[in-house]
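K.L.:
I have a structure here, written as structure tokens, and I will follow up with some questions on it.
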Amino acid sequence: MEKVFKNKISELFQCVSSLSRKCVFSVLSIGPLPDHIAFIMDGNRRYAKRCNLLEGAGHKLGYAALMNMLKYCYELNIKFVTIYAFSIDNFRRRPEEVQSTMILIQEKIEDLIKEESLVNQYGVRIYFLGNLKLVSKSVRLAAERAMAATAGNSKAVLSICLAYTSTDEIVHAVQDCCDEKKEEIRSLESSGTENGLSAVRGNGKDKRKDIIVVHDVEKHMHAAVAPDPDIIIRTSGETRLSNFLLWQSAWCLLYAPSILWPQIGFRHLVWAVVEFQRNFCYLKQKMKLS
Ligand SMILES: CC(C)=CCC/C(C)=C/CC/C(C)=C/COP(=O)(O)OP(=O)(O)O
């Protein structure tokens, strides 16, 4: 009897919070909404320590917080979300810690693609961004399975940065771009164009045109699957980017609430979007002038 009562109370609570979210989101939607929000999920271990829990429990609570946050983002019609799940620098942590985090990541990737998952409920396509050669075969295969299983979803995009750093991404993109240009020049030369290099550069008054432009590099970035982020939310009050989306964050708002990642909730998303809306006119003006 007591259990039934508790369930009813919890259902009622969920119903009220879902209704109040709907109201707040419809007010927020009157203003400009970000297309893309990226998250640096900082503070899982500190939260675990503060609550006298094991490190792994901090990451598990972090994952639960992530699922809630994704739900809020999709309710608000944010089409692109990117998360920093594990950086290349994180491989320098204690080997047992790296291993247990990877086991959790693999388990959660499998959960993400279950039929009843949030990802399928909201039609989300998953991409993994990063150097997947650095993770174990089983994690890599799980990531590939998740990308393949969600390839038909088209309502939203979730990019999971795994074995990622921005500098690594930029170096690979520049390398791929140079390879592509070299190939272009080679094929022009072999097809009879006398000087492939000047054909790529352009002749006459265009002679000084650059061989590589920003777009050439950009299209080779892992993150090219989404537009640049409008907001990066980093928890734990840190205002550093820690090698996350450096290229893509040129015009991005950084929002850094001082709570730890497992504590993030609906109100932090609302404040971040309000901050974005307050800055929007200024940003638009600035981009027009430049
Ligand atoms: C499939 C999928 C999306 C899985 C995500 C799982 C998950 C929540 C991973 C977080 C890992 C991580 C390095 C968090 C940062 O907190 P921290 O360890 O740096 O904590 P600290 O800042 O307190 O040291």
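Letters for chains follow the order of the structure tokens (A, B, ...), residue numbers begin at 1 for each chain, and ligand numbers begin at 1 in the order shown.
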For ligand 1, collect every residue having any atom at a distance of at most 7 Å from a ligand atom (counting only C-alpha atoms and all ligand atoms); output as a ChimeraX atom specification.
P.N.:
/A:41-47,59-60,62-63,66,85-86,90,101,104-106,108-109,160
K.L.:
Give me the residues near segment 270-279 of chain A as a PDB file with all heavy atoms, in the first residue's frame, where near means some atom within 8 Å (using only C-alpha atoms) and where sequence neighbours in that chain fewer than 6 positions away do not count.
P.N.:
```
ATOM      1  N   LEU A  28      10.967  30.327 -23.422  1.00  0.00           N
ATOM      2  CA  LEU A  28      12.335  30.473 -23.982  1.00  0.00           C
ATOM      3  C   LEU A  28      12.319  30.464 -25.513  1.00  0.00           C
ATOM      4  O   LEU A  28      13.107  31.158 -26.154  1.00  0.00           O
ATOM      5  CB  LEU A  28      13.214  29.306 -23.537  1.00  0.00           C
ATOM      6  CG  LEU A  28      13.985  29.396 -22.233  1.00  0.00           C
ATOM      7  CD1 LEU A  28      14.894  28.199 -22.092  1.00  0.00           C
ATOM      8  CD2 LEU A  28      14.795  30.686 -22.145  1.00  0.00           C
ATOM      9  N   GLY A  31      12.384  33.565 -27.931  1.00  0.00           N
ATOM     10  CA  GLY A  31      13.660  34.182 -28.343  1.00  0.00           C
ATOM     11  C   GLY A  31      14.459  33.230 -29.242  1.00  0.00           C
ATOM     12  O   GLY A  31      14.012  32.120 -29.524  1.00  0.00           O
ATOM     13  N   PRO A  32      15.658  33.692 -29.704  1.00  0.00           N
ATOM     14  CA  PRO A  32      16.489  32.811 -30.530  1.00  0.00           C
ATOM     15  C   PRO A  32      17.016  31.636 -29.697  1.00  0.00           C
ATOM     16  O   PRO A  32      17.427  31.821 -28.552  1.00  0.00           O
ATOM     17  CB  PRO A  32      17.650  33.718 -30.962  1.00  0.00           C
ATOM     18  CG  PRO A  32      17.678  34.812 -29.966  1.00  0.00           C
ATOM     19  CD  PRO A  32      16.302  34.989 -29.434  1.00  0.00           C
ATOM     20  N   LEU A  33      16.973  30.454 -30.282  1.00  0.00           N
ATOM     21  CA  LEU A  33      17.478  29.276 -29.557  1.00  0.00           C
ATOM     22  C   LEU A  33      18.804  28.833 -30.166  1.00  0.00           C
ATOM     23  O   LEU A  33      18.998  28.955 -31.384  1.00  0.00           O
ATOM     24  CB  LEU A  33      16.476  28.121 -29.656  1.00  0.00           C
ATOM     25  CG  LEU A  33      15.210  28.233 -28.824  1.00  0.00           C
ATOM     26  CD1 LEU A  33      14.291  27.054 -29.105  1.00  0.00           C
ATOM     27  CD2 LEU A  33      15.539  28.295 -27.332  1.00  0.00           C
ATOM     28  N   PRO A  34      19.708  28.311 -29.355  1.00  0.00           N
ATOM     29  CA  PRO A  34      20.953  27.791 -29.931  1.00  0.00           C
ATOM     30  C   PRO A  34      20.674  26.554 -30.785  1.00  0.00           C
ATOM     31  O   PRO A  34      19.751  25.796 -30.487  1.00  0.00           O
ATOM     32  CB  PRO A  34      21.778  27.417 -28.697  1.00  0.00           C
ATOM     33  CG  PRO A  34      20.802  27.293 -27.577  1.00  0.00           C
ATOM     34  CD  PRO A  34      19.641  28.171 -27.896  1.00  0.00           C
ATOM     35  N   ASP A 230      27.004  26.928 -30.259  1.00  0.00           N
ATOM     36  CA  ASP A 230      26.622  28.277 -29.823  1.00  0.00           C
ATOM     37  C   ASP A 230      26.981  28.480 -28.362  1.00  0.00           C
ATOM     38  O   ASP A 230      27.291  29.586 -27.933  1.00  0.00           O
ATOM     39  CB  ASP A 230      25.104  28.467 -29.989  1.00  0.00           C
ATOM     40  CG  ASP A 230      24.693  28.284 -31.431  1.00  0.00           C
ATOM     41  OD1 ASP A 230      25.137  29.089 -32.263  1.00  0.00           O
ATOM     42  OD2 ASP A 230      23.961  27.320 -31.736  1.00  0.00           O
ATOM     43  N   ILE A 231      26.890  27.388 -27.593  1.00  0.00           N
ATOM     44  CA  ILE A 231      27.195  27.472 -26.154  1.00  0.00           C
ATOM     45  C   ILE A 231      28.034  26.256 -25.769  1.00  0.00           C
ATOM     46  O   ILE A 231      27.739  25.137 -26.202  1.00  0.00           O
ATOM     47  CB  ILE A 231      25.917  27.411 -25.268  1.00  0.00           C
ATOM     48  CG1 ILE A 231      24.844  28.376 -25.755  1.00  0.00           C
ATOM     49  CG2 ILE A 231      26.256  27.665 -23.805  1.00  0.00           C
ATOM     50  CD1 ILE A 231      23.522  28.257 -24.968  1.00  0.00           C
ATOM     51  N   ILE A 233      28.889  24.462 -22.241  1.00  0.00           N
ATOM     52  CA  ILE A 233      28.613  24.487 -20.794  1.00  0.00           C
ATOM     53  C   ILE A 233      29.657  23.611 -20.115  1.00  0.00           C
ATOM     54  O   ILE A 233      29.790  22.432 -20.456  1.00  0.00           O
ATOM     55  CB  ILE A 233      27.186  23.962 -20.490  1.00  0.00           C
ATOM     56  CG1 ILE A 233      26.146  24.830 -21.212  1.00  0.00           C
ATOM     57  CG2 ILE A 233      26.946  23.937 -18.981  1.00  0.00           C
ATOM     58  CD1 ILE A 233      24.686  24.433 -20.947  1.00  0.00           C
ATOM     59  N   LEU A 253      29.604  30.997 -26.770  1.00  0.00           N
ATOM     60  CA  LEU A 253      29.463  31.488 -25.399  1.00  0.00           C
ATOM     61  C   LEU A 253      29.909  30.387 -24.443  1.00  0.00           C
ATOM     62  O   LEU A 253      29.494  29.242 -24.601  1.00  0.00           O
ATOM     63  CB  LEU A 253      27.983  31.822 -25.144  1.00  0.00           C
ATOM     64  CG  LEU A 253      27.613  32.168 -23.710  1.00  0.00           C
ATOM     65  CD1 LEU A 253      27.938  33.619 -23.416  1.00  0.00           C
ATOM     66  CD2 LEU A 253      26.129  31.900 -23.476  1.00  0.00           C
ATOM     67  N   TYR A 255      29.609  29.009 -20.768  1.00  0.00           N
ATOM     68  CA  TYR A 255      28.798  29.135 -19.554  1.00  0.00           C
ATOM     69  C   TYR A 255      29.350  28.148 -18.530  1.00  0.00           C
ATOM     70  O   TYR A 255      29.449  26.949 -18.822  1.00  0.00           O
ATOM     71  CB  TYR A 255      27.330  28.842 -19.892  1.00  0.00           C
ATOM     72  CG  TYR A 255      26.420  28.985 -18.713  1.00  0.00           C
ATOM     73  CD1 TYR A 255      26.136  30.246 -18.178  1.00  0.00           C
ATOM     74  CD2 TYR A 255      25.843  27.878 -18.102  1.00  0.00           C
ATOM     75  CE1 TYR A 255      25.313  30.390 -17.079  1.00  0.00           C
ATOM     76  CE2 TYR A 255      25.011  28.009 -17.008  1.00  0.00           C
ATOM     77  CZ  TYR A 255      24.758  29.267 -16.503  1.00  0.00           C
ATOM     78  OH  TYR A 255      23.942  29.401 -15.409  1.00  0.00           O
TER      79      TYR A 255
END
```
K.L.:
Find the residues near Ala250 of chain A: any atom within 10 Å, counting only C-alpha atoms, skip ones fewer than 4 places away on the same chain, and give them as JSON, numbers by chain.
P.N.:
{"A": [228, 229, 230, 245, 246]}
K.L.:
Could you pull the residues within 10 Å of Met67 of chain A, counting only C-alpha atoms, minus those fewer than 5 positions along the same chain, as a list in words?
P.N.:
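Contacts, with the query itself left out: Leu61, Gly62, Tyr72, Cys73, Leu112, Ser117, Leu118 and Val119 of chain A.
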K.L.:
What does the file look like for those residues with C-alpha atoms, as a tab-separated table (two decimals), in the first residue's frame?
P.N.:
```
chain	number	residue	atom	x	y	z
A	61	LEU	CA	25.79	9.51	-11.63
A	62	GLY	CA	27.41	11.66	-14.33
A	72	TYR	CA	15.85	18.62	-21.72
A	73	CYS	CA	17.86	19.61	-24.81
A	112	LEU	CA	22.27	4.22	-25.71
A	117	SER	CA	16.49	4.41	-25.25
A	118	LEU	CA	16.25	8.19	-25.28
A	119	VAL	CA	18.30	8.21	-28.48
```
K.L.:
My list of candidates is A:Val139, A:Leu129, A:Val157, A:Leu188. Which is closest to Glu169 of chain A when distances are computed with only C-alpha atoms?
P.N.:
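Under the stated criterion, the closest residue is A:Leu129.
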K.L.:
Any idea what's packed within 9 Å of Ala151 of chain A, counting only C-alpha atoms, ignoring anything in its chain fewer than 5 positions away? Could you give it as a list in words?
P.N.:
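Here the answer would be Val124, Arg125, Ile126, Tyr127 and Ala146 of chain A.
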K.L.:
Would you pick out the contacts of segment 79-82 of chain A at 9 Å or less, using only C-alpha atoms, so that residues sharing its chain but fewer than 6 positions from it are not included, and give the list as an mmCIF file with N, CA, C and O atoms, in the first residue's frame?
P.N.:
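Writing done, so here's part12.cif:
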```cif
data_model
loop_
_atom_site.group_PDB
_atom_site.id
_atom_site.type_symbol
_atom_site.label_atom_id
_atom_site.label_comp_id
_atom_site.auth_asym_id
_atom_site.auth_seq_id
_atom_site.Cartn_x
_atom_site.Cartn_y
_atom_site.Cartn_z
ATOM 1 N N PRO A 34 19.708 28.311 -29.355
ATOM 2 C CA PRO A 34 20.953 27.791 -29.931
ATOM 3 C C PRO A 34 20.674 26.554 -30.785
ATOM 4 O O PRO A 34 19.751 25.796 -30.487
ATOM 5 N N ASP A 35 21.458 26.380 -31.847
ATOM 6 C CA ASP A 35 21.332 25.159 -32.647
ATOM 7 C C ASP A 35 22.129 24.037 -32.001
ATOM 8 O O ASP A 35 21.802 22.872 -32.141
ATOM 9 N N HIS A 36 23.227 24.440 -31.340
ATOM 10 C CA HIS A 36 24.195 23.432 -30.903
ATOM 11 C C HIS A 36 24.734 23.797 -29.510
ATOM 12 O O HIS A 36 25.246 24.893 -29.302
ATOM 13 N N ILE A 37 24.590 22.857 -28.584
ATOM 14 C CA ILE A 37 25.169 23.048 -27.237
ATOM 15 C C ILE A 37 26.177 21.928 -26.984
ATOM 16 O O ILE A 37 25.909 20.762 -27.273
ATOM 17 N N ALA A 38 27.343 22.308 -26.476
ATOM 18 C CA ALA A 38 28.378 21.306 -26.160
ATOM 19 C C ALA A 38 28.623 21.313 -24.648
ATOM 20 O O ALA A 38 28.512 22.358 -23.998
ATOM 21 N N PHE A 39 28.940 20.142 -24.118
ATOM 22 C CA PHE A 39 29.111 20.021 -22.660
ATOM 23 C C PHE A 39 30.484 19.461 -22.303
ATOM 24 O O PHE A 39 30.913 18.447 -22.873
ATOM 25 N N ILE A 40 31.145 20.105 -21.344
ATOM 26 C CA ILE A 40 32.342 19.521 -20.724
ATOM 27 C C ILE A 40 31.874 19.042 -19.347
ATOM 28 O O ILE A 40 31.548 19.854 -18.465
ATOM 29 N N LEU A 70 20.216 15.534 -21.826
ATOM 30 C CA LEU A 70 19.890 15.306 -23.245
ATOM 31 C C LEU A 70 18.383 15.420 -23.452
ATOM 32 O O LEU A 70 17.917 16.020 -24.417
ATOM 33 N N CYS A 73 17.422 18.982 -23.555
ATOM 34 C CA CYS A 73 17.859 19.610 -24.814
ATOM 35 C C CYS A 73 16.904 19.246 -25.951
ATOM 36 O O CYS A 73 16.508 20.104 -26.731
ATOM 37 N N VAL A 124 17.687 10.319 -32.554
ATOM 38 C CA VAL A 124 19.016 10.944 -32.516
ATOM 39 C C VAL A 124 20.058 10.092 -33.247
ATOM 40 O O VAL A 124 20.173 8.886 -32.999
ATOM 41 N N LYS A 155 16.436 13.293 -36.550
ATOM 42 C CA LYS A 155 15.834 14.467 -35.884
ATOM 43 C C LYS A 155 16.870 15.289 -35.110
ATOM 44 O O LYS A 155 16.718 16.486 -34.931
ATOM 45 N N ALA A 156 17.905 14.620 -34.615
ATOM 46 C CA ALA A 156 18.925 15.329 -33.835
ATOM 47 C C ALA A 156 20.250 14.573 -33.960
ATOM 48 O O ALA A 156 20.273 13.436 -34.438
ATOM 49 N N VAL A 157 21.328 15.259 -33.546
ATOM 50 C CA VAL A 157 22.663 14.640 -33.633
ATOM 51 C C VAL A 157 23.356 14.731 -32.275
ATOM 52 O O VAL A 157 23.373 15.804 -31.658
ATOM 53 N N LEU A 158 23.851 13.581 -31.809
ATOM 54 C CA LEU A 158 24.660 13.572 -30.584
ATOM 55 C C LEU A 158 26.084 13.184 -30.962
ATOM 56 O O LEU A 158 26.314 12.086 -31.469
ATOM 57 N N SER A 159 27.021 14.114 -30.755
ATOM 58 C CA SER A 159 28.429 13.810 -31.045
ATOM 59 C C SER A 159 29.134 13.513 -29.728
ATOM 60 O O SER A 159 29.118 14.340 -28.810
ATOM 61 N N ILE A 160 29.730 12.339 -29.657
ATOM 62 C CA ILE A 160 30.418 11.933 -28.422
ATOM 63 C C ILE A 160 31.916 11.997 -28.666
ATOM 64 O O ILE A 160 32.448 11.249 -29.499
ATOM 65 N N CYS A 161 32.588 12.908 -27.985
ATOM 66 C CA CYS A 161 34.039 13.041 -28.177
ATOM 67 C C CYS A 161 34.736 12.009 -27.298
ATOM 68 O O CYS A 161 34.682 12.078 -26.062
ATOM 69 N N ALA A 223 34.419 17.137 -36.207
ATOM 70 C CA ALA A 223 33.210 17.847 -35.764
ATOM 71 C C ALA A 223 32.416 18.463 -36.908
ATOM 72 O O ALA A 223 31.426 19.147 -36.659
ATOM 73 N N ALA A 226 28.407 18.732 -37.452
ATOM 74 C CA ALA A 226 27.480 19.674 -36.808
ATOM 75 C C ALA A 226 27.957 21.101 -37.070
ATOM 76 O O ALA A 226 29.148 21.313 -37.330
ATOM 77 N N PRO A 227 27.056 22.089 -36.983
ATOM 78 C CA PRO A 227 27.539 23.475 -37.070
ATOM 79 C C PRO A 227 28.365 23.802 -35.825
ATOM 80 O O PRO A 227 28.340 23.026 -34.847
ATOM 81 N N PRO A 229 29.421 25.110 -32.237
ATOM 82 C CA PRO A 229 28.535 25.233 -31.065
ATOM 83 C C PRO A 229 28.212 26.699 -30.759
ATOM 84 O O PRO A 229 29.049 27.579 -30.979
#
```
K.L.:
What does the distance between atom CA of Ile259 of chain A and atom CA of Ser242 of chain A come to in Å, to one decimal place?
P.N.:
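Atom-to-atom, atom CA of Ile259 of chain A and atom CA of Ser242 of chain A are spaced 17.7 Å apart.
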K.L.:
Just how far from atom CA of Leu132 of chain A is atom CA of Met147 of chain A, in Å to one decimal?
P.N.:
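If I compute the distance from atom CA of Met147 of chain A to atom CA of Leu132 of chain A, I get 12.7 Å.
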K.L.:
Pick from A:Gly123, A:Ile9, A:Ile211, A:Ser236: nearest to Gly152 of chain A, with only C-alpha atoms counted?
P.N.:
A:Gly123
